[in-house]
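A.B. asks: My structure is below; once you've seen it, I'll send some questions.
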Amino acid sequence: MCGIVGYLGPREAYPIIINGLQRLEYRGYDSAGVVLASNNTLNVYKTKGKVADLKNIADNNNTKGFLGMGHTRWATHGVPNDVNSHPHVSNSGNLVIVHNGIIENYDTIKKELIKRGYVFHSDTDTEVLINLIEEVKIKNNCKLGKAVQLALTNVVGAYAIAVIDNNDPNTLIVARLGSPIAIGIGENNSEFFVASDASPFIEYTKDAIYLEEEELAIIRLGKDINVRKIYDDSEVETNIQELKLNLEQIEKGGYEHFMLKEIHEQPKAILDTYRGRLLADQGIIKMGSVDNHIAKFLNANRIIIVACGTSWHAGLVAEYLFEDLARIPVEVEYASEFRYRNPVINNNDIIIAISQSGETADTLAAIKLAKSKGAFVFGVCNVVGSSIARETDTGAYTHAGPEIGVASTKAFTTQITVLALMALKLGNLKGEISNSNLNNYIQEMSLIPSKVEEALKTNNEIEKIASIFKDAPNCLYLGRGYSFPVALEGALKLKEISYIHAEGYPAAEMKHGPIALIDESMPVVIIATKSGHYDKVVSNIQEIKSRKGKIIAVVTKGDTIVKELADHIIEVPDTVEPFTPLLTTIPLQLLSYHIAVMRGCNVDQPRNLAKSVTVE
């Protein structure tokens, strides 16, 4: 939620900040703003709307300055408008802040500051925070870094902030609790970059520091970064990391939208995810993070999977995988509910936390709760060095590459790939899968990238189907077994980016309510592959057909039975049942994409959403 960018150095800050905000716009796009410090003057430009709207305003004004910050917002406190946009300036006009997160006790602080004569112009918690910092700075007669540190000890909530003082143009203060922040370091500390992730400064430096929880950094030109703990002001040793990201990965590469690019990247992403882990020539699966803790996995009473959104759907697929292949009991929990229902967690439970960004606030909170109960926590995420990667006991990266489109696509399939490898490995070690059967699964998994390529060739047929149903007000998605989570994911994709109401159900549950919705205007997408309850699904299709529902069926290539019943079919290659979600999800992603484009929706930046949910 929200993206922040900052720059301090010899270059003009404005082009760097605007370019950085455009790369971070997937994090929020309700409003945008920039502040530039030059000759003891702060120039602030901000507006409701996207970064392009901000650029139109700022380009016609003074954008000089070697110190600056920018912000693209996903609104929490205060409606999206010009006044509530960041940056926010203190009452004196000297201090400025950009903020990602939520200050939960802002109202109490605000009332106290009003008593002391402070005036507020916005409805945001962020304006309260910058004036609290100013009050602390004046009261304690201290420098900005100390004022920020002291102020944050009185704050409850989550934040990544960057703060500047007009009277000290060579200093930039950043801090984090719950929300990510990265600091790029120029050669010999000649310049510094600050951002919610490293993408805004990848072309300028490969050296970066990721602040840990409850840390504050004092950044001064020409000096080493001073990192301190917020709550006791103790000094922290910094760890400079070399960035692996490259510029080509975060550009569209000729595709019209990031989402379409990322859909088509899935063959490579799946291959990269199992590369070095799936050793087909040896018939083995090698995963150091599992191998090093194998006793915990083999002796676990159960696995609890915590995740949100698309990652939760991947967790549902994993429930089938672990129980089917490894015979380990699995529970799948919404991370957002997990910590609030006083869950029963034992020290011989394994928690698997799944998150594309590795920064999902609810999932991080679930991890901390599980660790406090003595559970072993395994993370599955895509972003190297992310909070979940650091908070968990061990884990596995998905190697999907940057996912810029807000609606996850390759995150889903690569998460399933990692979880399938784990389930196969554990199933073999527990004696549930013979060596010969394991080898068969391994050989089939090695073919999945090429089969995804084949599934992508249905694009033209899917585009025709999309043109027929683009104006449907509702849509039902049905699946059984491994296909049920795919139905949920397909429905989520459609509503996320096209704003069509869609619901996913187990196909057998249709008769317990949703069948009342079916008529000649209701499109029903049903996953009906040969492997997995095929005859039962055919019966469900006949029930829909008898009520004049419009059937779009995802079938195994060469199917003849469903072809006679369905109004439209989309063929995918055959595979073993546990791997079918890796193929059947592809046409559902493409269907959602084309419908959204035809409806004129912003595919990469759907309304009200943000890519990385860093607040609860």
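Naming scheme: A, B, ... for chains in displayed order of the structure tokens; residues 1 onward per chain; ligands 1 onward as shown.
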Would you return as number ranges by chain the members of segment 157-212 of chain A that DSSP assigns to strand (DSSP E) on this structure's backbone?
C.D. replies: A: 157-165, 171-177, 182-185, 192-195, 207-210
A.B. asks: A:Phe201, A:Tyr505, A:Trp312, A:Tyr159: which is nearest Phe412 of chain A, counting only C-alpha atoms?
C.D. replies: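 Looking at the shortest contact to Phe412 of chain A, the residue is A:Trp312.
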A.B. asks: Give me every helix (DSSP H, G or I) residue in segment 231-423 of chain A, going by DSSP on the backbone, as a PyMOL selection string.
C.D. replies: chain A and resi 247-250+258-264+266-274+288-291+294-298+309-326+335-338+361-372+387-391+410-423
A.B. asks: Could you write out the selected residues, including C-alpha atoms, as a PDB file, in the first residue's frame?
C.D. replies:
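Done, and the output landed in part_21.pdb:
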ATOM      1  CA  LEU A 247      15.817  -2.912 -15.564  1.00  0.00           C
ATOM      2  CA  GLU A 248      14.558  -5.213 -18.317  1.00  0.00           C
ATOM      3  CA  GLN A 249      12.569  -7.258 -15.795  1.00  0.00           C
ATOM      4  CA  ILE A 250      10.449  -4.286 -14.726  1.00  0.00           C
ATOM      5  CA  PHE A 258       2.241  -5.890 -17.455  1.00  0.00           C
ATOM      6  CA  MET A 259      -0.468  -8.449 -16.698  1.00  0.00           C
ATOM      7  CA  LEU A 260      -0.335  -9.879 -20.212  1.00  0.00           C
ATOM      8  CA  LYS A 261       3.469  -9.947 -20.096  1.00  0.00           C
ATOM      9  CA  GLU A 262       3.390 -11.771 -16.781  1.00  0.00           C
ATOM     10  CA  ILE A 263       0.818 -14.314 -18.006  1.00  0.00           C
ATOM     11  CA  HIS A 264       3.145 -15.125 -20.890  1.00  0.00           C
ATOM     12  CA  GLN A 266       4.775 -18.272 -16.731  1.00  0.00           C
ATOM     13  CA  PRO A 267       6.568 -21.030 -18.671  1.00  0.00           C
ATOM     14  CA  LYS A 268       9.913 -19.432 -17.851  1.00  0.00           C
ATOM     15  CA  ALA A 269       8.876 -18.528 -14.300  1.00  0.00           C
ATOM     16  CA  ILE A 270       7.853 -22.118 -13.526  1.00  0.00           C
ATOM     17  CA  LEU A 271      11.090 -23.411 -15.057  1.00  0.00           C
ATOM     18  CA  ASP A 272      13.151 -20.910 -13.035  1.00  0.00           C
ATOM     19  CA  THR A 273      11.283 -21.923  -9.885  1.00  0.00           C
ATOM     20  CA  TYR A 274      12.071 -25.622 -10.179  1.00  0.00           C
ATOM     21  CA  GLY A 288      17.917 -27.337   0.965  1.00  0.00           C
ATOM     22  CA  SER A 289      15.350 -25.501   3.072  1.00  0.00           C
ATOM     23  CA  VAL A 290      13.371 -28.745   3.425  1.00  0.00           C
ATOM     24  CA  ASP A 291      16.370 -31.083   3.613  1.00  0.00           C
ATOM     25  CA  ILE A 294      13.464 -32.744   7.327  1.00  0.00           C
ATOM     26  CA  ALA A 295      12.802 -34.177  10.804  1.00  0.00           C
ATOM     27  CA  LYS A 296      10.402 -31.308  11.564  1.00  0.00           C
ATOM     28  CA  PHE A 297       8.449 -31.965   8.375  1.00  0.00           C
ATOM     29  CA  LEU A 298       8.321 -35.732   8.787  1.00  0.00           C
ATOM     30  CA  GLY A 309      -5.900 -13.444  -1.756  1.00  0.00           C
ATOM     31  CA  THR A 310      -4.287 -15.330  -4.628  1.00  0.00           C
ATOM     32  CA  SER A 311      -1.689 -16.798  -2.270  1.00  0.00           C
ATOM     33  CA  TRP A 312      -4.545 -18.237  -0.187  1.00  0.00           C
ATOM     34  CA  HIS A 313      -5.840 -19.970  -3.298  1.00  0.00           C
ATOM     35  CA  ALA A 314      -2.357 -21.408  -3.885  1.00  0.00           C
ATOM     36  CA  GLY A 315      -2.520 -22.600  -0.276  1.00  0.00           C
ATOM     37  CA  LEU A 316      -5.792 -24.395  -1.009  1.00  0.00           C
ATOM     38  CA  VAL A 317      -4.111 -26.220  -3.889  1.00  0.00           C
ATOM     39  CA  ALA A 318      -1.302 -27.098  -1.470  1.00  0.00           C
ATOM     40  CA  GLU A 319      -3.845 -28.600   0.928  1.00  0.00           C
ATOM     41  CA  TYR A 320      -4.777 -31.112  -1.758  1.00  0.00           C
ATOM     42  CA  LEU A 321      -1.099 -31.668  -2.618  1.00  0.00           C
ATOM     43  CA  PHE A 322       0.155 -32.360   0.914  1.00  0.00           C
ATOM     44  CA  GLU A 323      -2.803 -34.477   1.967  1.00  0.00           C
ATOM     45  CA  ASP A 324      -2.976 -36.394  -1.314  1.00  0.00           C
ATOM     46  CA  LEU A 325       0.731 -36.981  -1.904  1.00  0.00           C
ATOM     47  CA  ALA A 326       2.276 -36.864   1.577  1.00  0.00           C
ATOM     48  CA  ALA A 335      -3.895 -14.729   7.504  1.00  0.00           C
ATOM     49  CA  SER A 336      -6.168 -11.762   8.232  1.00  0.00           C
ATOM     50  CA  GLU A 337      -8.333 -13.920  10.517  1.00  0.00           C
ATOM     51  CA  PHE A 338      -5.703 -16.259  11.920  1.00  0.00           C
ATOM     52  CA  ALA A 361       0.950  -7.282   6.823  1.00  0.00           C
ATOM     53  CA  ASP A 362      -1.613  -9.889   7.865  1.00  0.00           C
ATOM     54  CA  THR A 363       0.679 -12.754   6.919  1.00  0.00           C
ATOM     55  CA  LEU A 364       3.572 -11.190   8.825  1.00  0.00           C
ATOM     56  CA  ALA A 365       1.359 -10.847  11.892  1.00  0.00           C
ATOM     57  CA  ALA A 366       0.372 -14.526  11.584  1.00  0.00           C
ATOM     58  CA  ILE A 367       4.047 -15.503  11.366  1.00  0.00           C
ATOM     59  CA  LYS A 368       4.893 -13.615  14.531  1.00  0.00           C
ATOM     60  CA  LEU A 369       2.000 -15.227  16.388  1.00  0.00           C
ATOM     61  CA  ALA A 370       3.001 -18.712  15.228  1.00  0.00           C
ATOM     62  CA  LYS A 371       6.634 -18.198  16.253  1.00  0.00           C
ATOM     63  CA  SER A 372       5.563 -16.960  19.668  1.00  0.00           C
ATOM     64  CA  SER A 387      10.211  -9.177   5.540  1.00  0.00           C
ATOM     65  CA  ILE A 388       8.675 -12.657   5.370  1.00  0.00           C
ATOM     66  CA  ALA A 389      11.952 -14.089   4.085  1.00  0.00           C
ATOM     67  CA  ARG A 390      13.686 -12.600   7.123  1.00  0.00           C
ATOM     68  CA  GLU A 391      11.014 -13.397   9.728  1.00  0.00           C
ATOM     69  CA  LYS A 410       2.772 -15.958 -12.298  1.00  0.00           C
ATOM     70  CA  ALA A 411       2.904 -15.677  -8.500  1.00  0.00           C
ATOM     71  CA  PHE A 412       0.088 -18.238  -8.313  1.00  0.00           C
ATOM     72  CA  THR A 413       1.651 -20.816 -10.613  1.00  0.00           C
ATOM     73  CA  THR A 414       5.150 -20.510  -9.153  1.00  0.00           C
ATOM     74  CA  GLN A 415       3.824 -20.805  -5.600  1.00  0.00           C
ATOM     75  CA  ILE A 416       2.025 -24.003  -6.609  1.00  0.00           C
ATOM     76  CA  THR A 417       5.251 -25.241  -8.209  1.00  0.00           C
ATOM     77  CA  VAL A 418       7.227 -24.820  -4.977  1.00  0.00           C
ATOM     78  CA  LEU A 419       4.481 -26.397  -2.879  1.00  0.00           C
ATOM     79  CA  ALA A 420       4.134 -29.335  -5.284  1.00  0.00           C
ATOM     80  CA  LEU A 421       7.878 -30.017  -5.071  1.00  0.00           C
ATOM     81  CA  MET A 422       7.657 -30.002  -1.282  1.00  0.00           C
ATOM     82  CA  ALA A 423       4.667 -32.352  -1.238  1.00  0.00           C
TER      83      ALA A 423
END
A.B. asks: Give me the residues of segment 433-508 of chain A that have any atom at most 12 Å from an atom of segment 572-584 of chain A; for each, the nearest atom pair and the distance in Å, rounded to one decimal. Use only C-alpha atoms, sort by chain and number, and format it as CSV.
C.D. replies:
residue,atom,partner,partner_atom,distance
A:Asn437,CA,A:Val576,CA,11.5
A:Asn440,CA,A:Val576,CA,9.6
A:Tyr441,CA,A:Val576,CA,7.9
A:Ile442,CA,A:Phe579,CA,10.9
A:Gln443,CA,A:Val576,CA,10.8
A:Glu444,CA,A:Thr575,CA,7.2
A:Met445,CA,A:Phe579,CA,7.5
A:Ser446,CA,A:Phe579,CA,11.1
A:Leu447,CA,A:Thr575,CA,9.0
A:Ile448,CA,A:Leu582,CA,7.6
A:Pro449,CA,A:Leu582,CA,9.2
A:Ser450,CA,A:Pro573,CA,9.7
A:Lys451,CA,A:Pro573,CA,6.1
A:Val452,CA,A:Leu583,CA,5.8
A:Glu453,CA,A:Leu583,CA,9.4
A:Glu454,CA,A:Pro573,CA,7.2
A:Ala455,CA,A:Val572,CA,5.2
A:Leu456,CA,A:Val572,CA,8.8
A:Lys457,CA,A:Val572,CA,9.4
A:Thr458,CA,A:Val572,CA,8.2
A:Asn459,CA,A:Val572,CA,11.4
A:Gly479,CA,A:Thr584,CA,10.5
A:Arg480,CA,A:Glu577,CA,11.3
A:Gly481,CA,A:Glu577,CA,9.2
A:Tyr482,CA,A:Pro581,CA,6.7
A:Ser483,CA,A:Pro581,CA,6.4
A:Phe484,CA,A:Pro581,CA,9.3
A:Pro485,CA,A:Pro581,CA,8.3
A:Val486,CA,A:Pro581,CA,6.2
A:Ala487,CA,A:Thr584,CA,9.3
A:Leu488,CA,A:Pro581,CA,11.5
A:Glu489,CA,A:Pro581,CA,10.1
A:Gly490,CA,A:Thr584,CA,9.5
A.B. asks: Please produce a file of those selected residues containing C-alpha atoms, as a PDB file, in the first residue's frame.
C.D. replies:
ATOM      1  CA  ASN A 437       6.079 -42.936  -9.070  1.00  0.00           C
ATOM      2  CA  ASN A 440       6.987 -40.209 -13.113  1.00  0.00           C
ATOM      3  CA  TYR A 441       5.857 -37.047 -11.322  1.00  0.00           C
ATOM      4  CA  ILE A 442       9.268 -35.453 -11.834  1.00  0.00           C
ATOM      5  CA  GLN A 443       9.240 -36.199 -15.547  1.00  0.00           C
ATOM      6  CA  GLU A 444       5.724 -34.761 -15.834  1.00  0.00           C
ATOM      7  CA  MET A 445       6.671 -31.624 -13.911  1.00  0.00           C
ATOM      8  CA  SER A 446       9.604 -31.090 -16.275  1.00  0.00           C
ATOM      9  CA  LEU A 447       7.071 -30.932 -19.134  1.00  0.00           C
ATOM     10  CA  ILE A 448       4.815 -28.344 -17.461  1.00  0.00           C
ATOM     11  CA  PRO A 449       6.531 -25.232 -18.927  1.00  0.00           C
ATOM     12  CA  SER A 450       6.049 -26.509 -22.481  1.00  0.00           C
ATOM     13  CA  LYS A 451       2.443 -27.451 -21.683  1.00  0.00           C
ATOM     14  CA  VAL A 452       1.816 -23.944 -20.310  1.00  0.00           C
ATOM     15  CA  GLU A 453       3.201 -22.618 -23.608  1.00  0.00           C
ATOM     16  CA  GLU A 454       0.623 -24.776 -25.379  1.00  0.00           C
ATOM     17  CA  ALA A 455      -2.171 -23.526 -23.106  1.00  0.00           C
ATOM     18  CA  LEU A 456      -1.205 -19.942 -23.955  1.00  0.00           C
ATOM     19  CA  LYS A 457      -1.935 -20.673 -27.620  1.00  0.00           C
ATOM     20  CA  THR A 458      -5.645 -20.679 -26.786  1.00  0.00           C
ATOM     21  CA  ASN A 459      -5.451 -16.888 -26.535  1.00  0.00           C
ATOM     22  CA  GLY A 479     -14.507 -26.933 -10.116  1.00  0.00           C
ATOM     23  CA  ARG A 480     -14.002 -30.126  -8.114  1.00  0.00           C
ATOM     24  CA  GLY A 481     -10.942 -31.356  -6.219  1.00  0.00           C
ATOM     25  CA  TYR A 482      -7.760 -29.644  -7.369  1.00  0.00           C
ATOM     26  CA  SER A 483      -9.905 -27.515  -9.705  1.00  0.00           C
ATOM     27  CA  PHE A 484     -11.940 -25.925  -6.916  1.00  0.00           C
ATOM     28  CA  PRO A 485      -9.169 -23.490  -5.836  1.00  0.00           C
ATOM     29  CA  VAL A 486      -8.613 -22.693  -9.521  1.00  0.00           C
ATOM     30  CA  ALA A 487     -12.297 -21.779  -9.807  1.00  0.00           C
ATOM     31  CA  LEU A 488     -11.899 -19.434  -6.836  1.00  0.00           C
ATOM     32  CA  GLU A 489      -8.815 -17.886  -8.404  1.00  0.00           C
ATOM     33  CA  GLY A 490     -10.516 -17.481 -11.783  1.00  0.00           C
TER      34      GLY A 490
END
